[in-house]
Amino acid sequence: MPRLFCFGLGFSALTFARHMQQQGWQVAGTCRSEDKAEVLRAEGFDVYLFGDAPLADPAQALAGTTHLLASVPPGDDGDPVVGTHGKDIQTVSSLEWIGYLSTTGVYGDRKGGFVNETSMLLPSTERGKRRVTAELVWQDLAAAMNVPLHMFRLAGIYGPGRNQLVSLRKGKARRVEKPGQVFSRIHVDDIAQILEAAATSGLPTQPFNVCDNEASPPQDVVAYAADLLGMDPPPLVPFDEVEMSPMGRSFYAESKRVKNDRIKDDLGVVLKYPTYREGLQALADAGDGKA
């Protein structure tokens, strides 16, 4: 039986983990707190603590793992998984596949232009630069093991409980207007099906852009979500007049249209939510954003 081990059972990885558990896979992974670990164990996952401290018994935690997914972001000291447990991972003789959740931020700012997986990596933010370094570190580890590595460069992630419908209902959504600004997005359920397709593909080491078919101005997405809820959209506010955190401002420092042909052509993926419209409509129909 395949065994998936996820370093970091966050929003995307946990959705994937649940999906693979439904396919009959054994699933294990890590989180940072014992409270969350108990909740996840109640779902049938084999859960270990990692983050503030190393795995207590890495050999036992990783034993029998056939597929490994890393979703822990790099920090000032580099990738925490490879830095802490890279040697432990190399001892897992059963390992057949490694996945790493990266970001489209590795491409940097293209002033609204197109990028694909062969585009030069030109990160303009510190987060993007860290991701490029982390991708290289994981490539070195996978090469040393002769195990295929798939790097998933994720666009903006949304899904149940984490979307503009919810933000609008909480009064936190804003329509920030910056001429020419576009973002790519991806529904978390589509992330899960892309990860499954890659993990079972047998393809060699390579990156995959994980996004839907339409990069869009962020203010348009908010307006569409407001329409679904029967609300008036927030007023448009020029970017230069908005108070924003340094991280929020850094997102607006980059504008690009990310091409996703490889997930379709090489993995045969048919997106459940090809644009934000289908994704938000499905979330609204499921009750997200209801008063």
# chains A, B, ... in the order shown; residues from 1 in each chain; ligands from 1
>>> residues_around(residues="region 42-53 of chain A", least_positions_apart="6", cutoff="7 Å", atoms="only C-alpha atoms", output="PyMOL selection string")
chain A and resi 27-33
>>> residues_around(residues="Gly279 (chain A)", least_positions_apart="5", cutoff="8 Å", atoms="only C-alpha atoms", output="ChimeraX atom specification")
/A:159,187,273-274
>>> select_by_dssp(residues="region 137-270 of chain A", states="strand (DSSP E or B)", output="number ranges by chain")
A: 149-154, 156-159, 162, 175-177, 183, 185-187, 206-210, 216, 236-238, 257-258
>>> select_by_dssp(residues="region 4-34 of chain A", states="alpha helix (DSSP H)", output="PyMOL selection string")
chain A and resi 11-22+34
>>> residues_around(residues="Pro123 (chain A)", least_positions_apart="3", cutoff="6 Å", atoms="only C-alpha atoms", output="VMD selection string")
chain A and resid 106 to 108 128 to 129
>>> closest_residue(among="A:Val82, A:Val188, A:Leu165, A:Met1", to="Ala286 (chain A)", atoms="only C-alpha atoms")
A:Leu165
>>> closest_residue(among="A:Ser124, A:Ser12, A:Gln60, A:Asn163", to="Ile194 (chain A)", atoms="only C-alpha atoms")
A:Ser12
>>> residues_around(residues="Gln139 (chain A)", least_positions_apart="3", cutoff="9 Å", atoms="only C-alpha atoms", output="ChimeraX atom specification")
/A:134-136,142-144,148-149,151,205
>>> write_last_selection(atoms="N, CA, C and O atoms", output="short mmCIF file (atom, residue, chain, number, x, y, z; two decimals), in the first residue's frame")
data_model
loop_
_atom_site.label_atom_id
_atom_site.label_comp_id
_atom_site.auth_asym_id
_atom_site.auth_seq_id
_atom_site.Cartn_x
_atom_site.Cartn_y
_atom_site.Cartn_z
N ALA A 134 15.34 26.96 -2.11
CA ALA A 134 14.75 25.72 -1.59
C ALA A 134 14.54 24.71 -2.71
O ALA A 134 14.79 23.50 -2.52
N GLU A 135 14.08 25.15 -3.87
CA GLU A 135 13.92 24.23 -5.00
C GLU A 135 15.25 23.56 -5.33
O GLU A 135 15.30 22.35 -5.59
N LEU A 136 16.32 24.32 -5.34
CA LEU A 136 17.64 23.77 -5.66
C LEU A 136 18.09 22.75 -4.62
O LEU A 136 18.66 21.70 -4.96
N ALA A 142 16.95 15.00 -4.10
CA ALA A 142 16.30 14.00 -4.95
C ALA A 142 17.30 13.35 -5.90
O ALA A 142 17.24 12.13 -6.14
N ALA A 143 18.21 14.15 -6.44
CA ALA A 143 19.21 13.61 -7.35
C ALA A 143 20.13 12.62 -6.64
O ALA A 143 20.50 11.57 -7.19
N ALA A 144 20.48 12.95 -5.39
CA ALA A 144 21.34 12.04 -4.62
C ALA A 144 20.64 10.71 -4.36
O ALA A 144 21.30 9.67 -4.23
N PRO A 148 12.47 10.86 -8.45
CA PRO A 148 11.92 12.04 -9.14
C PRO A 148 11.34 13.06 -8.16
O PRO A 148 10.69 12.69 -7.18
N LEU A 149 11.62 14.33 -8.45
CA LEU A 149 11.10 15.44 -7.67
C LEU A 149 10.21 16.30 -8.55
O LEU A 149 10.62 16.71 -9.64
N MET A 151 8.27 19.88 -8.50
CA MET A 151 8.13 21.16 -7.82
C MET A 151 6.85 21.82 -8.31
O MET A 151 6.69 22.04 -9.51
N THR A 205 12.00 14.32 -12.76
CA THR A 205 12.08 15.59 -12.04
C THR A 205 11.75 16.76 -12.96
O THR A 205 12.30 16.87 -14.06
#
>>> closest_residue(among="A:Val176, A:Val269, A:Val39, A:Cys211", to="Tyr158 (chain A)", atoms="only C-alpha atoms")
A:Cys211
>>> residues_around(residues="Arg127 (chain A)", least_positions_apart="3", cutoff="10 Å", atoms="only C-alpha atoms", output="mmCIF file with all heavy atoms, in the first residue's frame")
data_model
loop_
_atom_site.group_PDB
_atom_site.id
_atom_site.type_symbol
_atom_site.label_atom_id
_atom_site.label_comp_id
_atom_site.auth_asym_id
_atom_site.auth_seq_id
_atom_site.Cartn_x
_atom_site.Cartn_y
_atom_site.Cartn_z
ATOM 1 N N PRO A 73 7.389 26.240 4.344
ATOM 2 C CA PRO A 73 8.128 27.299 3.651
ATOM 3 C C PRO A 73 9.534 27.472 4.207
ATOM 4 O O PRO A 73 9.783 27.193 5.386
ATOM 5 C CB PRO A 73 7.280 28.548 3.894
ATOM 6 C CG PRO A 73 6.539 28.262 5.158
ATOM 7 C CD PRO A 73 6.277 26.784 5.151
ATOM 8 N N PRO A 74 10.451 27.934 3.372
ATOM 9 C CA PRO A 74 11.810 28.185 3.854
ATOM 10 C C PRO A 74 11.855 29.402 4.761
ATOM 11 O O PRO A 74 11.040 30.320 4.648
ATOM 12 C CB PRO A 74 12.604 28.430 2.568
ATOM 13 C CG PRO A 74 11.586 28.920 1.580
ATOM 14 C CD PRO A 74 10.311 28.218 1.938
ATOM 15 N N GLY A 75 12.813 29.407 5.664
ATOM 16 C CA GLY A 75 13.011 30.539 6.555
ATOM 17 C C GLY A 75 14.349 31.198 6.306
ATOM 18 O O GLY A 75 14.997 30.966 5.282
ATOM 19 N N ASP A 76 14.775 31.993 7.258
ATOM 20 C CA ASP A 76 16.059 32.682 7.125
ATOM 21 C C ASP A 76 17.217 31.703 6.996
ATOM 22 O O ASP A 76 18.228 32.016 6.357
ATOM 23 C CB ASP A 76 16.297 33.592 8.339
ATOM 24 C CG ASP A 76 15.305 34.748 8.387
ATOM 25 O OD1 ASP A 76 14.744 35.097 7.331
ATOM 26 O OD2 ASP A 76 15.092 35.301 9.490
ATOM 27 N N THR A 103 6.198 28.266 -5.268
ATOM 28 C CA THR A 103 5.327 29.395 -5.579
ATOM 29 C C THR A 103 5.669 29.986 -6.933
ATOM 30 O O THR A 103 6.831 29.909 -7.384
ATOM 31 C CB THR A 103 5.458 30.489 -4.503
ATOM 32 O OG1 THR A 103 4.805 31.684 -4.934
ATOM 33 C CG2 THR A 103 6.920 30.832 -4.247
ATOM 34 N N GLY A 105 5.997 32.897 -7.323
ATOM 35 C CA GLY A 105 6.859 34.020 -7.007
ATOM 36 C C GLY A 105 8.289 33.830 -7.479
ATOM 37 O O GLY A 105 9.050 34.810 -7.553
ATOM 38 N N VAL A 106 8.678 32.598 -7.819
ATOM 39 C CA VAL A 106 10.046 32.373 -8.303
ATOM 40 C C VAL A 106 10.284 33.054 -9.658
ATOM 41 O O VAL A 106 11.430 33.289 -10.041
ATOM 42 C CB VAL A 106 10.368 30.863 -8.426
ATOM 43 C CG1 VAL A 106 10.306 30.198 -7.064
ATOM 44 C CG2 VAL A 106 9.442 30.175 -9.417
ATOM 45 N N PRO A 123 13.243 36.003 -9.237
ATOM 46 C CA PRO A 123 12.457 36.471 -8.091
ATOM 47 C C PRO A 123 12.868 37.878 -7.679
ATOM 48 O O PRO A 123 14.055 38.211 -7.654
ATOM 49 C CB PRO A 123 12.792 35.457 -6.996
ATOM 50 C CG PRO A 123 14.143 34.938 -7.379
ATOM 51 C CD PRO A 123 14.143 34.898 -8.874
ATOM 52 N N SER A 124 11.867 38.679 -7.349
ATOM 53 C CA SER A 124 12.134 40.061 -6.951
ATOM 54 C C SER A 124 11.893 40.296 -5.472
ATOM 55 O O SER A 124 12.255 41.348 -4.951
ATOM 56 C CB SER A 124 11.259 41.021 -7.770
ATOM 57 O OG SER A 124 9.888 40.732 -7.598
ATOM 58 N N ARG A 130 14.061 32.919 -1.576
ATOM 59 C CA ARG A 130 14.185 31.755 -0.695
ATOM 60 C C ARG A 130 13.611 30.506 -1.361
ATOM 61 O O ARG A 130 14.152 29.402 -1.199
ATOM 62 C CB ARG A 130 13.461 32.019 0.623
ATOM 63 C CG ARG A 130 14.131 33.027 1.541
ATOM 64 C CD ARG A 130 13.263 33.277 2.756
ATOM 65 N NE ARG A 130 13.835 34.252 3.669
ATOM 66 C CZ ARG A 130 13.209 34.745 4.717
ATOM 67 N NH1 ARG A 130 11.964 34.340 4.994
ATOM 68 N NH2 ARG A 130 13.795 35.633 5.508
ATOM 69 N N ARG A 131 12.528 30.674 -2.090
ATOM 70 C CA ARG A 131 11.904 29.524 -2.755
ATOM 71 C C ARG A 131 12.808 28.961 -3.848
ATOM 72 O O ARG A 131 12.880 27.744 -4.044
ATOM 73 C CB ARG A 131 10.558 29.931 -3.353
ATOM 74 C CG ARG A 131 9.475 30.146 -2.326
ATOM 75 C CD ARG A 131 9.068 28.850 -1.653
ATOM 76 N NE ARG A 131 7.888 29.057 -0.807
ATOM 77 C CZ ARG A 131 7.283 28.096 -0.130
ATOM 78 N NH1 ARG A 131 7.734 26.863 -0.202
ATOM 79 N NH2 ARG A 131 6.239 28.363 0.617
ATOM 80 N N VAL A 132 13.468 29.822 -4.602
ATOM 81 C CA VAL A 132 14.394 29.347 -5.626
ATOM 82 C C VAL A 132 15.500 28.519 -4.979
ATOM 83 O O VAL A 132 15.849 27.426 -5.453
ATOM 84 C CB VAL A 132 14.995 30.521 -6.422
ATOM 85 C CG1 VAL A 132 16.120 30.035 -7.330
ATOM 86 C CG2 VAL A 132 13.914 31.212 -7.258
ATOM 87 N N MET A 247 4.071 42.629 3.531
ATOM 88 C CA MET A 247 3.825 41.402 2.778
ATOM 89 C C MET A 247 2.743 41.628 1.728
ATOM 90 O O MET A 247 2.878 41.210 0.573
ATOM 91 C CB MET A 247 3.418 40.258 3.702
ATOM 92 C CG MET A 247 3.087 38.980 2.958
ATOM 93 S SD MET A 247 2.845 37.544 4.028
ATOM 94 C CE MET A 247 4.537 37.192 4.487
ATOM 95 N N SER A 250 4.087 43.503 -1.098
ATOM 96 C CA SER A 250 5.012 42.721 -1.935
ATOM 97 C C SER A 250 4.263 41.900 -2.981
ATOM 98 O O SER A 250 4.788 41.652 -4.068
ATOM 99 C CB SER A 250 5.865 41.803 -1.058
ATOM 100 O OG SER A 250 5.110 40.715 -0.542
#
